[in-house]
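One file, coords-v7.json, carrying JSON, C-alpha atoms and all ligand atoms:
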[["chain", "number", "residue", "atom", "x", "y", "z"],
["O", 1, "MET", "CA", 2.26, -68.86, -18.16],
["O", 2, "LYS", "CA", -0.70, -67.09, -19.82],
["O", 3, "PRO", "CA", -0.67, -63.24, -19.61],
["O", 4, "ARG", "CA", -3.84, -63.26, -17.49],
["O", 5, "ASP", "CA", -2.29, -65.73, -15.01],
["O", 6, "ARG", "CA", 0.80, -63.54, -14.87],
["O", 7, "GLU", "CA", -1.35, -60.44, -14.09],
["O", 8, "GLU", "CA", -3.12, -62.36, -11.34],
["O", 9, "GLU", "CA", 0.19, -63.47, -9.86],
["O", 10, "LEU", "CA", 1.47, -59.86, -9.84],
["O", 11, "ARG", "CA", -1.76, -58.61, -8.31],
["O", 12, "GLN", "CA", -1.54, -61.18, -5.49],
["O", 13, "ALA", "CA", 2.02, -60.06, -4.86],
["O", 14, "GLY", "CA", 0.74, -56.46, -4.57],
["O", 15, "LEU", "CA", 2.36, -55.47, -7.89],
["O", 16, "ASP", "CA", -0.39, -54.31, -10.23],
["O", 17, "PHE", "CA", 1.14, -52.73, -13.34],
["O", 18, "SER", "CA", -2.05, -52.86, -15.38],
["O", 19, "SER", "CA", -3.15, -49.28, -14.65],
["O", 20, "LYS", "CA", -1.43, -46.17, -16.00],
["O", 21, "PRO", "CA", 1.41, -44.90, -13.84],
["O", 22, "HIS", "CA", 0.29, -42.01, -11.61],
["O", 23, "ARG", "CA", 2.22, -38.82, -12.28],
["O", 24, "PRO", "CA", 2.05, -36.57, -9.25],
["O", 25, "SER", "CA", 2.16, -32.80, -9.71],
["O", 26, "GLY", "CA", 5.16, -30.82, -8.48],
["O", 27, "PHE", "CA", 3.14, -29.96, -5.35],
["O", 28, "GLN", "CA", 2.43, -33.63, -4.58],
["O", 29, "ARG", "CA", 5.99, -34.71, -5.40],
["O", 30, "ARG", "CA", 7.41, -32.13, -3.05],
["O", 31, "ALA", "CA", 4.85, -32.31, -0.32],
["O", 32, "GLY", "CA", 3.81, -35.98, -0.17],
["O", 33, "THR", "CA", 0.39, -35.70, 1.44],
["O", 34, "PRO", "CA", 0.09, -31.92, 1.52],
["O", 35, "PRO", "CA", -0.59, -30.41, 4.94],
["O", 36, "ALA", "CA", -3.65, -28.24, 5.47],
["O", 37, "PRO", "CA", -2.80, -24.52, 5.77],
["O", 38, "GLY", "CA", -3.90, -24.45, 9.42],
["O", 39, "GLU", "CA", -1.36, -27.17, 10.28],
["O", 40, "LEU", "CA", 1.57, -24.93, 9.38],
["O", 41, "ALA", "CA", 2.96, -22.29, 11.75],
["O", 42, "GLY", "CA", 3.68, -18.76, 10.40],
["O", 43, "ALA", "CA", 7.12, -19.05, 8.79],
["O", 44, "GLU", "CA", 6.52, -22.63, 7.70],
["O", 45, "PHE", "CA", 3.24, -21.60, 6.05],
["O", 46, "LEU", "CA", 4.91, -18.74, 4.19],
["O", 47, "ARG", "CA", 7.71, -21.01, 2.98],
["O", 48, "PHE", "CA", 5.27, -23.70, 1.86],
["O", 49, "VAL", "CA", 3.01, -21.27, -0.03],
["O", 50, "GLY", "CA", 6.06, -19.55, -1.50],
["O", 51, "GLU", "CA", 7.22, -22.84, -3.01],
["O", 52, "ILE", "CA", 3.95, -23.90, -4.67],
["O", 53, "ASP", "CA", 4.60, -23.60, -8.38],
["O", 54, "ASP", "CA", 1.19, -24.38, -9.87],
["O", 55, "LEU", "CA", -1.94, -22.25, -9.64],
["O", 56, "GLU", "CA", -4.28, -25.23, -9.34],
["O", 57, "ASP", "CA", -2.16, -26.70, -6.53],
["O", 58, "LEU", "CA", -2.27, -23.34, -4.79],
["O", 59, "GLU", "CA", -6.06, -23.24, -5.13],
["O", 60, "ARG", "CA", -6.43, -26.78, -3.74],
["O", 61, "PHE", "CA", -4.27, -25.81, -0.77],
["O", 62, "ALA", "CA", -6.07, -22.49, -0.15],
["O", 63, "LEU", "CA", -9.53, -24.09, -0.29],
["O", 64, "GLU", "CA", -8.61, -26.03, 2.87],
["O", 65, "CYS", "CA", -7.59, -22.88, 4.72],
["O", 66, "SER", "CA", -8.89, -22.01, 8.15],
["O", 67, "ARG", "CA", -5.97, -19.86, 9.30],
["O", 68, "CYS", "CA", -8.17, -17.05, 10.52],
["O", 69, "HIS", "CA", -11.59, -16.71, 12.14],
["O", 70, "LEU", "CA", -13.26, -15.54, 8.90],
["O", 71, "ARG", "CA", -13.46, -19.12, 7.67],
["O", 72, "SER", "CA", -15.86, -20.12, 10.45],
["O", 73, "GLY", "CA", -18.36, -17.44, 9.38],
["O", 74, "CYS", "CA", -18.54, -18.16, 5.65],
["O", 75, "LYS", "CA", -19.47, -21.02, 3.34],
["O", 76, "GLY", "CA", -16.03, -21.40, 1.79],
["O", 77, "VAL", "CA", -12.83, -19.89, 0.49],
["O", 78, "VAL", "CA", -13.26, -17.86, -2.72],
["O", 79, "PHE", "CA", -9.85, -18.30, -4.28],
["O", 80, "GLY", "CA", -10.13, -16.39, -7.57],
["O", 81, "GLU", "CA", -10.39, -17.31, -11.21],
["O", 82, "GLY", "CA", -9.29, -16.43, -14.71],
["O", 83, "SER", "CA", -6.43, -16.94, -17.08],
["O", 84, "PRO", "CA", -3.15, -18.10, -15.54],
["O", 85, "ARG", "CA", -1.49, -15.97, -18.25],
["O", 86, "ALA", "CA", -3.65, -12.88, -17.78],
["O", 87, "GLN", "CA", -2.15, -9.51, -18.62],
["O", 88, "ILE", "CA", -4.56, -7.78, -16.25],
["O", 89, "ALA", "CA", -5.41, -8.92, -12.72],
["O", 90, "PHE", "CA", -8.30, -7.27, -10.88],
["O", 91, "VAL", "CA", -8.04, -7.40, -7.08],
["O", 92, "GLY", "CA", -10.93, -6.44, -4.81],
["O", 93, "GLU", "CA", -11.26, -6.51, -1.04],
["O", 94, "ALA", "CA", -13.26, -9.66, -0.09],
["O", 95, "PRO", "CA", -16.11, -11.89, -1.30],
["O", 96, "GLY", "CA", -19.69, -10.77, -0.70],
["O", 97, "ALA", "CA", -22.78, -12.92, -0.14],
["O", 98, "ASP", "CA", -23.19, -13.98, -3.81],
["O", 99, "GLU", "CA", -19.50, -14.79, -4.12],
["O", 100, "ASP", "CA", -19.56, -16.81, -0.91],
["O", 101, "ARG", "CA", -22.63, -18.74, -2.08],
["O", 102, "LEU", "CA", -21.16, -19.55, -5.51],
["O", 103, "GLY", "CA", -17.47, -19.79, -4.58],
["O", 104, "ARG", "CA", -16.51, -17.32, -7.33],
["O", 105, "PRO", "CA", -15.24, -13.73, -7.15],
["O", 106, "PHE", "CA", -17.25, -10.75, -8.45],
["O", 107, "VAL", "CA", -20.46, -12.51, -9.46],
["O", 108, "GLY", "CA", -23.00, -10.21, -7.77],
["O", 109, "ARG", "CA", -24.21, -6.82, -9.02],
["O", 110, "ALA", "CA", -20.76, -5.28, -8.72],
["O", 111, "GLY", "CA", -19.36, -8.30, -10.55],
["O", 112, "LYS", "CA", -21.75, -7.78, -13.44],
["O", 113, "LEU", "CA", -20.51, -4.23, -13.71],
["O", 114, "LEU", "CA", -16.91, -5.45, -13.64],
["O", 115, "ASP", "CA", -17.84, -7.78, -16.52],
["O", 116, "ARG", "CA", -19.03, -4.75, -18.47],
["O", 117, "ILE", "CA", -15.80, -2.90, -17.76],
["O", 118, "ILE", "CA", -13.81, -5.91, -18.99],
["O", 119, "ASP", "CA", -16.01, -6.11, -22.07],
["O", 120, "ALA", "CA", -15.53, -2.38, -22.74],
["O", 121, "CYS", "CA", -11.78, -3.06, -22.71],
["O", 122, "GLY", "CA", -12.30, -5.53, -25.55],
["O", 123, "LEU", "CA", -11.48, -8.51, -23.32],
["O", 124, "LEU", "CA", -13.28, -11.61, -22.12],
["O", 125, "ARG", "CA", -13.61, -12.39, -18.43],
["O", 126, "ASP", "CA", -11.66, -15.60, -19.07],
["O", 127, "GLU", "CA", -8.73, -13.55, -20.37],
["O", 128, "VAL", "CA", -8.15, -11.62, -17.14],
["O", 129, "TYR", "CA", -7.58, -12.79, -13.57],
["O", 130, "ILE", "CA", -9.98, -11.80, -10.77],
["O", 131, "THR", "CA", -9.50, -12.23, -7.05],
["O", 132, "ASN", "CA", -9.62, -10.47, -3.69],
["O", 133, "ILE", "CA", -7.07, -9.63, -1.01],
["O", 134, "VAL", "CA", -9.12, -11.58, 1.54],
["O", 135, "LYS", "CA", -10.56, -14.90, 0.38],
["O", 136, "CYS", "CA", -13.33, -15.46, 2.95],
["O", 137, "ARG", "CA", -16.40, -13.31, 3.38],
["O", 138, "PRO", "CA", -16.39, -11.07, 6.47],
["O", 139, "ALA", "CA", -19.76, -11.14, 8.26],
["O", 140, "ALA", "CA", -22.30, -8.59, 6.99],
["O", 141, "ASN", "CA", -19.90, -7.61, 4.19],
["O", 142, "ARG", "CA", -17.83, -5.42, 6.49],
["O", 143, "THR", "CA", -14.42, -4.25, 5.31],
["O", 144, "PRO", "CA", -11.70, -6.76, 6.32],
["O", 145, "THR", "CA", -9.34, -5.56, 9.02],
["O", 146, "GLU", "CA", -5.62, -5.08, 8.47],
["O", 147, "GLU", "CA", -4.98, -8.20, 10.58],
["O", 148, "GLU", "CA", -7.32, -10.27, 8.37],
["O", 149, "ARG", "CA", -5.62, -8.92, 5.26],
["O", 150, "ASN", "CA", -2.24, -9.87, 6.67],
["O", 151, "TYR", "CA", -3.36, -13.42, 7.38],
["O", 152, "CYS", "CA", -4.62, -13.89, 3.85],
["O", 153, "ILE", "CA", -2.28, -11.90, 1.65],
["O", 154, "PRO", "CA", 0.33, -14.66, 1.21],
["O", 155, "TYR", "CA", -2.20, -16.30, -1.14],
["O", 156, "LEU", "CA", -2.34, -13.16, -3.27],
["O", 157, "HIS", "CA", 1.46, -12.97, -3.28],
["O", 158, "ALA", "CA", 1.57, -16.54, -4.59],
["O", 159, "GLN", "CA", -1.23, -15.95, -7.13],
["O", 160, "MET", "CA", 0.52, -12.92, -8.60],
["O", 161, "ARG", "CA", 3.90, -14.68, -8.58],
["O", 162, "LEU", "CA", 2.36, -17.46, -10.68],
["O", 163, "VAL", "CA", 0.14, -15.36, -12.99],
["O", 164, "ARG", "CA", 2.61, -12.49, -13.28],
["O", 165, "PRO", "CA", 0.18, -9.98, -14.86],
["O", 166, "GLY", "CA", 1.49, -6.92, -16.67],
["O", 167, "VAL", "CA", -0.86, -4.71, -14.64],
["O", 168, "LEU", "CA", -2.79, -5.21, -11.43],
["O", 169, "VAL", "CA", -5.93, -3.10, -11.05],
["O", 170, "SER", "CA", -6.73, -2.58, -7.36],
["O", 171, "LEU", "CA", -10.46, -2.06, -6.96],
["O", 172, "GLY", "CA", -11.39, 0.32, -4.18],
["O", 173, "ALA", "CA", -9.87, 1.67, -1.01],
["O", 174, "ALA", "CA", -9.46, -1.58, 0.93],
["O", 175, "ALA", "CA", -7.56, -3.34, -1.87],
["O", 176, "THR", "CA", -5.39, -0.29, -2.48],
["O", 177, "GLN", "CA", -4.67, 0.10, 1.23],
["O", 178, "GLY", "CA", -3.74, -3.56, 1.48],
["O", 179, "LEU", "CA", -1.43, -3.42, -1.53],
["O", 180, "ILE", "CA", 0.05, 0.06, -1.53],
["O", 181, "ARG", "CA", -0.34, 1.95, 1.75],
["O", 182, "PRO", "CA", -2.62, 1.47, 4.78],
["O", 183, "ASP", "CA", -3.56, 5.16, 4.66],
["O", 184, "ALA", "CA", -4.19, 5.28, 0.89],
["O", 185, "LYS", "CA", -7.15, 7.41, -0.16],
["O", 186, "ILE", "CA", -8.70, 6.00, -3.30],
["O", 187, "THR", "CA", -10.07, 9.40, -4.39],
["O", 188, "ARG", "CA", -6.53, 10.78, -4.45],
["O", 189, "MET", "CA", -4.64, 7.72, -5.61],
["O", 190, "ARG", "CA", -6.89, 6.45, -8.40],
["O", 191, "GLY", "CA", -5.52, 7.02, -11.87],
["O", 192, "THR", "CA", -1.91, 7.21, -10.65],
["O", 193, "TRP", "CA", 0.55, 4.43, -11.36],
["O", 194, "GLN", "CA", 1.83, 2.57, -8.31],
["O", 195, "GLU", "CA", 4.02, -0.49, -7.90],
["O", 196, "TRP", "CA", 3.60, -3.62, -5.78],
["O", 197, "ARG", "CA", 6.20, -6.40, -5.72],
["O", 198, "GLY", "CA", 7.49, -5.43, -9.16],
["O", 199, "ILE", "CA", 4.01, -5.26, -10.74],
["O", 200, "LYS", "CA", 2.51, -1.99, -12.01],
["O", 201, "VAL", "CA", -0.69, -1.16, -10.12],
["O", 202, "MET", "CA", -3.55, 1.07, -11.24],
["O", 203, "PRO", "CA", -5.87, 1.90, -8.33],
["O", 204, "THR", "CA", -9.43, 2.72, -9.32],
["O", 205, "PHE", "CA", -12.91, 2.79, -7.80],
["O", 206, "HIS", "CA", -14.57, -0.47, -6.81],
["O", 207, "PRO", "CA", -17.51, -1.39, -9.10],
["O", 208, "ALA", "CA", -19.80, -1.29, -6.04],
["O", 209, "ALA", "CA", -18.92, 2.40, -5.68],
["O", 210, "LEU", "CA", -19.97, 2.96, -9.31],
["O", 211, "LEU", "CA", -23.35, 1.40, -8.55],
["O", 212, "ARG", "CA", -23.82, 3.86, -5.72],
["O", 213, "ASP", "CA", -22.46, 6.86, -7.62],
["O", 214, "PRO", "CA", -22.53, 6.70, -11.46],
["O", 215, "ARG", "CA", -20.42, 9.89, -11.62],
["O", 216, "LYS", "CA", -17.44, 7.66, -10.79],
["O", 217, "ARG", "CA", -17.82, 5.76, -14.09],
["O", 218, "PRO", "CA", -15.89, 8.20, -16.37],
["O", 219, "PRO", "CA", -12.80, 8.24, -14.11],
["O", 220, "VAL", "CA", -12.78, 4.42, -14.04],
["O", 221, "TRP", "CA", -12.87, 4.36, -17.83],
["O", 222, "GLU", "CA", -9.97, 6.84, -17.91],
["O", 223, "ASP", "CA", -8.02, 4.52, -15.58],
["O", 224, "MET", "CA", -8.78, 1.50, -17.74],
["O", 225, "LYS", "CA", -7.66, 3.36, -20.87],
["O", 226, "SER", "CA", -4.33, 4.01, -19.12],
["O", 227, "VAL", "CA", -4.08, 0.28, -18.35],
["O", 228, "LEU", "CA", -4.78, -0.69, -21.96],
["O", 229, "GLU", "CA", -2.27, 1.84, -23.20],
["O", 230, "GLU", "CA", 0.38, 0.55, -20.77],
["O", 231, "LEU", "CA", -0.15, -2.98, -22.09],
["O", 232, "GLY", "CA", -0.25, -1.92, -25.74],
["O", 233, "LEU", "CA", -3.88, -3.04, -26.01],
["O", 234, "ARG", "CA", -6.28, -0.96, -28.03],
["O", 235, "GLY", "CA", -9.65, -1.89, -26.56],
["O", 236, "PRO", "CA", -12.76, -1.90, -28.72],
["O", 237, "ALA", "CA", -12.88, 0.42, -31.75],
["D", 1, "LIG", "S1", -9.57, -15.33, 4.96],
["D", 1, "LIG", "FE1", -7.72, -16.16, 4.04],
["D", 1, "LIG", "S2", -6.38, -16.69, 5.81],
["D", 1, "LIG", "FE2", -8.50, -16.46, 6.59],
["D", 1, "LIG", "S3", -9.33, -18.54, 6.52],
["D", 1, "LIG", "FE3", -9.92, -17.52, 4.60],
["D", 1, "LIG", "S4", -8.32, -18.13, 3.12],
["D", 1, "LIG", "FE4", -7.54, -18.55, 5.20]]

What does the file become when written as structure tokens?
Ligand code: SF4
Amino acid sequence: MKPRDREEELRQAGLDFSSKPHRPSGFQRRAGTPPAPGELAGAEFLRFVGEIDDLEDLERFALECSRCHLRSGCKGVVFGEGSPRAQIAFVGEAPGADEDRLGRPFVGRAGKLLDRIIDACGLLRDEVYITNIVKCRPAANRTPTEEERNYCIPYLHAQMRLVRPGVLVSLGAAATQGLIRPDAKITRMRGTWQEWRGIKVMPTFHPAALLRDPRKRPPVWEDMKSVLEELGLRGPA
């Protein structure tokens, strides 16, 4: 039998070996057709997210999320971006209008200032990891509630478990309250080392606060110098 006839015979029998074998990711192997986040009840959701072992799989899963009411008021989930091996992770409170429109964190005016801070540290944006505690934009850019933070924070737990940065920089009061203590005051806590799930945390002012009050810029630079020193990075000469 000619090879082509043999291929045709296999195809008719439903056995087509002509294409490359599909190699499913760990997520697909384990999950089959992965459920959407909203299909999983509380403990089941936490277990499922806790077992995802690939950042891209986690992002695919999170992008389908509608676990809380914030999703119905925004364009989409803003998962986060950056190096999966970043030494520094920046965590803000929630996406704003520009972030919601573009599906990327920190891309508005405050994001441009964060880019300058990263540049001043002698790093590229691609070399750090950037995300928020809450992944969907609250209406009118209000601060997310504690309940909204609690719904969303399992994604941050999983992101940080997979990236495992040397230092997490919490940007502003809401991020610091969500990570460290609900009553945290950023003016008192900034510049002091904290710890969250085994990761060193440096709270500092949110870039949006620096836009409103440039006097906050020197303290943020002091905080970033502490971060660089902790990581053994020298920053620009
Ligand atoms: S804010 Fe978080 S928990 Fe709520 S829908 Fe968006 S991704 Fe899901």

Counting all atoms listed in the file, which protein, DNA or RNA residues come within 12 Å of ligand LIG 1 (chain D), given as a PDB file with C-alpha atoms, in the coordinates of the input?
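Output file pocket-v9.pdb is given in full below:
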ATOM      1  CA  ALA O  36      -3.650 -28.240   5.470  1.00  0.00           C
ATOM      2  CA  PRO O  37      -2.800 -24.520   5.770  1.00  0.00           C
ATOM      3  CA  GLY O  38      -3.900 -24.450   9.420  1.00  0.00           C
ATOM      4  CA  GLU O  39      -1.360 -27.170  10.280  1.00  0.00           C
ATOM      5  CA  LEU O  40       1.570 -24.930   9.380  1.00  0.00           C
ATOM      6  CA  GLY O  42       3.680 -18.760  10.400  1.00  0.00           C
ATOM      7  CA  PHE O  45       3.240 -21.600   6.050  1.00  0.00           C
ATOM      8  CA  LEU O  46       4.910 -18.740   4.190  1.00  0.00           C
ATOM      9  CA  VAL O  49       3.010 -21.270  -0.030  1.00  0.00           C
ATOM     10  CA  LEU O  58      -2.270 -23.340  -4.790  1.00  0.00           C
ATOM     11  CA  GLU O  59      -6.060 -23.240  -5.130  1.00  0.00           C
ATOM     12  CA  ARG O  60      -6.430 -26.780  -3.740  1.00  0.00           C
ATOM     13  CA  PHE O  61      -4.270 -25.810  -0.770  1.00  0.00           C
ATOM     14  CA  ALA O  62      -6.070 -22.490  -0.150  1.00  0.00           C
ATOM     15  CA  LEU O  63      -9.530 -24.090  -0.290  1.00  0.00           C
ATOM     16  CA  GLU O  64      -8.610 -26.030   2.870  1.00  0.00           C
ATOM     17  CA  CYS O  65      -7.590 -22.880   4.720  1.00  0.00           C
ATOM     18  CA  SER O  66      -8.890 -22.010   8.150  1.00  0.00           C
ATOM     19  CA  ARG O  67      -5.970 -19.860   9.300  1.00  0.00           C
ATOM     20  CA  CYS O  68      -8.170 -17.050  10.520  1.00  0.00           C
ATOM     21  CA  HIS O  69     -11.590 -16.710  12.140  1.00  0.00           C
ATOM     22  CA  LEU O  70     -13.260 -15.540   8.900  1.00  0.00           C
ATOM     23  CA  ARG O  71     -13.460 -19.120   7.670  1.00  0.00           C
ATOM     24  CA  SER O  72     -15.860 -20.120  10.450  1.00  0.00           C
ATOM     25  CA  GLY O  73     -18.360 -17.440   9.380  1.00  0.00           C
ATOM     26  CA  CYS O  74     -18.540 -18.160   5.650  1.00  0.00           C
ATOM     27  CA  LYS O  75     -19.470 -21.020   3.340  1.00  0.00           C
ATOM     28  CA  GLY O  76     -16.030 -21.400   1.790  1.00  0.00           C
ATOM     29  CA  VAL O  77     -12.830 -19.890   0.490  1.00  0.00           C
ATOM     30  CA  VAL O  78     -13.260 -17.860  -2.720  1.00  0.00           C
ATOM     31  CA  PHE O  79      -9.850 -18.300  -4.280  1.00  0.00           C
ATOM     32  CA  GLY O  80     -10.130 -16.390  -7.570  1.00  0.00           C
ATOM     33  CA  GLU O  93     -11.260  -6.510  -1.040  1.00  0.00           C
ATOM     34  CA  ALA O  94     -13.260  -9.660  -0.090  1.00  0.00           C
ATOM     35  CA  PRO O  95     -16.110 -11.890  -1.300  1.00  0.00           C
ATOM     36  CA  ASP O 100     -19.560 -16.810  -0.910  1.00  0.00           C
ATOM     37  CA  THR O 131      -9.500 -12.230  -7.050  1.00  0.00           C
ATOM     38  CA  ASN O 132      -9.620 -10.470  -3.690  1.00  0.00           C
ATOM     39  CA  ILE O 133      -7.070  -9.630  -1.010  1.00  0.00           C
ATOM     40  CA  VAL O 134      -9.120 -11.580   1.540  1.00  0.00           C
ATOM     41  CA  LYS O 135     -10.560 -14.900   0.380  1.00  0.00           C
ATOM     42  CA  CYS O 136     -13.330 -15.460   2.950  1.00  0.00           C
ATOM     43  CA  ARG O 137     -16.400 -13.310   3.380  1.00  0.00           C
ATOM     44  CA  PRO O 138     -16.390 -11.070   6.470  1.00  0.00           C
ATOM     45  CA  ALA O 139     -19.760 -11.140   8.260  1.00  0.00           C
ATOM     46  CA  PRO O 144     -11.700  -6.760   6.320  1.00  0.00           C
ATOM     47  CA  THR O 145      -9.340  -5.560   9.020  1.00  0.00           C
ATOM     48  CA  GLU O 146      -5.620  -5.080   8.470  1.00  0.00           C
ATOM     49  CA  GLU O 147      -4.980  -8.200  10.580  1.00  0.00           C
ATOM     50  CA  GLU O 148      -7.320 -10.270   8.370  1.00  0.00           C
ATOM     51  CA  ARG O 149      -5.620  -8.920   5.260  1.00  0.00           C
ATOM     52  CA  ASN O 150      -2.240  -9.870   6.670  1.00  0.00           C
ATOM     53  CA  TYR O 151      -3.360 -13.420   7.380  1.00  0.00           C
ATOM     54  CA  CYS O 152      -4.620 -13.890   3.850  1.00  0.00           C
ATOM     55  CA  ILE O 153      -2.280 -11.900   1.650  1.00  0.00           C
ATOM     56  CA  PRO O 154       0.330 -14.660   1.210  1.00  0.00           C
ATOM     57  CA  TYR O 155      -2.200 -16.300  -1.140  1.00  0.00           C
ATOM     58  CA  LEU O 156      -2.340 -13.160  -3.270  1.00  0.00           C
TER      59      LEU O 156
END

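The residue that comes closest to O:Leu113, out of O:Gly232, O:Pro214, O:Gly191, O:Gly50 and on the basis of all atoms listed in the file, is O:Pro214.
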
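The space between atom CA of O:Pro203 and atom CA of O:Asp57 spans 28.9 Å.
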
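From atom CA of O:Ala97 back to atom CA of O:Thr143, the distance works out to 13.2 Å.
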
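For the pair atom CA of O:Gly96 and atom CA of O:Gly108, the interatomic distance is 7.8 Å.
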
With all atoms listed in the file as the counted atoms, please give the residues lying no more than 12 Å from O:Glu195, apart from itself and same-chain residues fewer than 6 positions off, as a short mmCIF file (atom, residue, chain, number, x, y, z; two decimals) with C-alpha atoms, keeping the file's coordinate frame.
data_model
loop_
_atom_site.label_atom_id
_atom_site.label_comp_id
_atom_site.auth_asym_id
_atom_site.auth_seq_id
_atom_site.Cartn_x
_atom_site.Cartn_y
_atom_site.Cartn_z
CA GLY O 166 1.49 -6.92 -16.67
CA VAL O 167 -0.86 -4.71 -14.64
CA LEU O 168 -2.79 -5.21 -11.43
CA VAL O 169 -5.93 -3.10 -11.05
CA SER O 170 -6.73 -2.58 -7.36
CA THR O 176 -5.39 -0.29 -2.48
CA LEU O 179 -1.43 -3.42 -1.53
CA ILE O 180 0.05 0.06 -1.53
CA ARG O 181 -0.34 1.95 1.75
CA VAL O 201 -0.69 -1.16 -10.12
CA MET O 202 -3.55 1.07 -11.24
CA PRO O 203 -5.87 1.90 -8.33
#

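Taking all atoms listed in the file into account, O:Arg217 lies nearest to O:Ile117 out of the set O:Ile117, O:Pro84, O:Ile186, O:Gly198.
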
Please complete stretch 35-54 of chain O so it has N, CA and C atoms, and hand it over as a PDB file, in the coordinates of the input.
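Output file out.pdb follows:
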ATOM      1  N   PRO O  35       0.045 -30.803   3.681  1.00  0.00           N
ATOM      2  CA  PRO O  35      -0.590 -30.410   4.940  1.00  0.00           C
ATOM      3  C   PRO O  35      -1.720 -29.429   4.651  1.00  0.00           C
ATOM      4  N   ALA O  36      -2.652 -29.290   5.582  1.00  0.00           N
ATOM      5  CA  ALA O  36      -3.650 -28.240   5.470  1.00  0.00           C
ATOM      6  C   ALA O  36      -3.003 -26.938   5.938  1.00  0.00           C
ATOM      7  N   PRO O  37      -3.442 -25.784   5.384  1.00  0.00           N
ATOM      8  CA  PRO O  37      -2.800 -24.520   5.770  1.00  0.00           C
ATOM      9  C   PRO O  37      -2.769 -24.291   7.271  1.00  0.00           C
ATOM     10  N   GLY O  38      -3.842 -24.700   7.982  1.00  0.00           N
ATOM     11  CA  GLY O  38      -3.900 -24.450   9.420  1.00  0.00           C
ATOM     12  C   GLY O  38      -2.906 -25.285  10.210  1.00  0.00           C
ATOM     13  N   GLU O  39      -2.318 -26.318   9.567  1.00  0.00           N
ATOM     14  CA  GLU O  39      -1.360 -27.170  10.280  1.00  0.00           C
ATOM     15  C   GLU O  39       0.049 -26.564  10.293  1.00  0.00           C
ATOM     16  N   LEU O  40       0.233 -25.498   9.499  1.00  0.00           N
ATOM     17  CA  LEU O  40       1.570 -24.930   9.380  1.00  0.00           C
ATOM     18  C   LEU O  40       1.670 -23.646  10.184  1.00  0.00           C
ATOM     19  N   ALA O  41       2.738 -23.513  10.978  1.00  0.00           N
ATOM     20  CA  ALA O  41       2.960 -22.290  11.750  1.00  0.00           C
ATOM     21  C   ALA O  41       3.437 -21.191  10.797  1.00  0.00           C
ATOM     22  N   GLY O  42       3.431 -19.930  11.253  1.00  0.00           N
ATOM     23  CA  GLY O  42       3.680 -18.760  10.400  1.00  0.00           C
ATOM     24  C   GLY O  42       4.752 -18.895   9.340  1.00  0.00           C
ATOM     25  N   ALA O  43       6.022 -19.049   9.762  1.00  0.00           N
ATOM     26  CA  ALA O  43       7.120 -19.050   8.790  1.00  0.00           C
ATOM     27  C   ALA O  43       7.045 -20.275   7.884  1.00  0.00           C
ATOM     28  N   GLU O  44       6.616 -21.387   8.475  1.00  0.00           N
ATOM     29  CA  GLU O  44       6.520 -22.630   7.700  1.00  0.00           C
ATOM     30  C   GLU O  44       5.431 -22.499   6.627  1.00  0.00           C
ATOM     31  N   PHE O  45       4.329 -21.843   6.996  1.00  0.00           N
ATOM     32  CA  PHE O  45       3.240 -21.600   6.050  1.00  0.00           C
ATOM     33  C   PHE O  45       3.740 -20.727   4.893  1.00  0.00           C
ATOM     34  N   LEU O  46       4.430 -19.652   5.237  1.00  0.00           N
ATOM     35  CA  LEU O  46       4.910 -18.740   4.190  1.00  0.00           C
ATOM     36  C   LEU O  46       5.870 -19.462   3.251  1.00  0.00           C
ATOM     37  N   ARG O  47       6.758 -20.282   3.818  1.00  0.00           N
ATOM     38  CA  ARG O  47       7.710 -21.010   2.980  1.00  0.00           C
ATOM     39  C   ARG O  47       6.976 -21.993   2.080  1.00  0.00           C
ATOM     40  N   PHE O  48       6.005 -22.698   2.635  1.00  0.00           N
ATOM     41  CA  PHE O  48       5.270 -23.700   1.860  1.00  0.00           C
ATOM     42  C   PHE O  48       4.511 -23.047   0.703  1.00  0.00           C
ATOM     43  N   VAL O  49       3.770 -21.973   1.022  1.00  0.00           N
ATOM     44  CA  VAL O  49       3.010 -21.270  -0.030  1.00  0.00           C
ATOM     45  C   VAL O  49       3.960 -20.684  -1.065  1.00  0.00           C
ATOM     46  N   GLY O  50       5.081 -20.168  -0.600  1.00  0.00           N
ATOM     47  CA  GLY O  50       6.060 -19.550  -1.500  1.00  0.00           C
ATOM     48  C   GLY O  50       6.694 -20.537  -2.454  1.00  0.00           C
ATOM     49  N   GLU O  51       6.596 -21.839  -2.142  1.00  0.00           N
ATOM     50  CA  GLU O  51       7.220 -22.840  -3.010  1.00  0.00           C
ATOM     51  C   GLU O  51       6.230 -23.531  -3.941  1.00  0.00           C
ATOM     52  N   ILE O  52       4.942 -23.279  -3.772  1.00  0.00           N
ATOM     53  CA  ILE O  52       3.950 -23.900  -4.670  1.00  0.00           C
ATOM     54  C   ILE O  52       4.111 -23.278  -6.055  1.00  0.00           C
ATOM     55  N   ASP O  53       4.269 -24.120  -7.051  1.00  0.00           N
ATOM     56  CA  ASP O  53       4.600 -23.600  -8.380  1.00  0.00           C
ATOM     57  C   ASP O  53       3.499 -23.857  -9.413  1.00  0.00           C
ATOM     58  N   ASP O  54       2.288 -24.109  -8.953  1.00  0.00           N
ATOM     59  CA  ASP O  54       1.190 -24.380  -9.870  1.00  0.00           C
ATOM     60  C   ASP O  54      -0.073 -23.743  -9.277  1.00  0.00           C
TER      61      ASP O  54
END
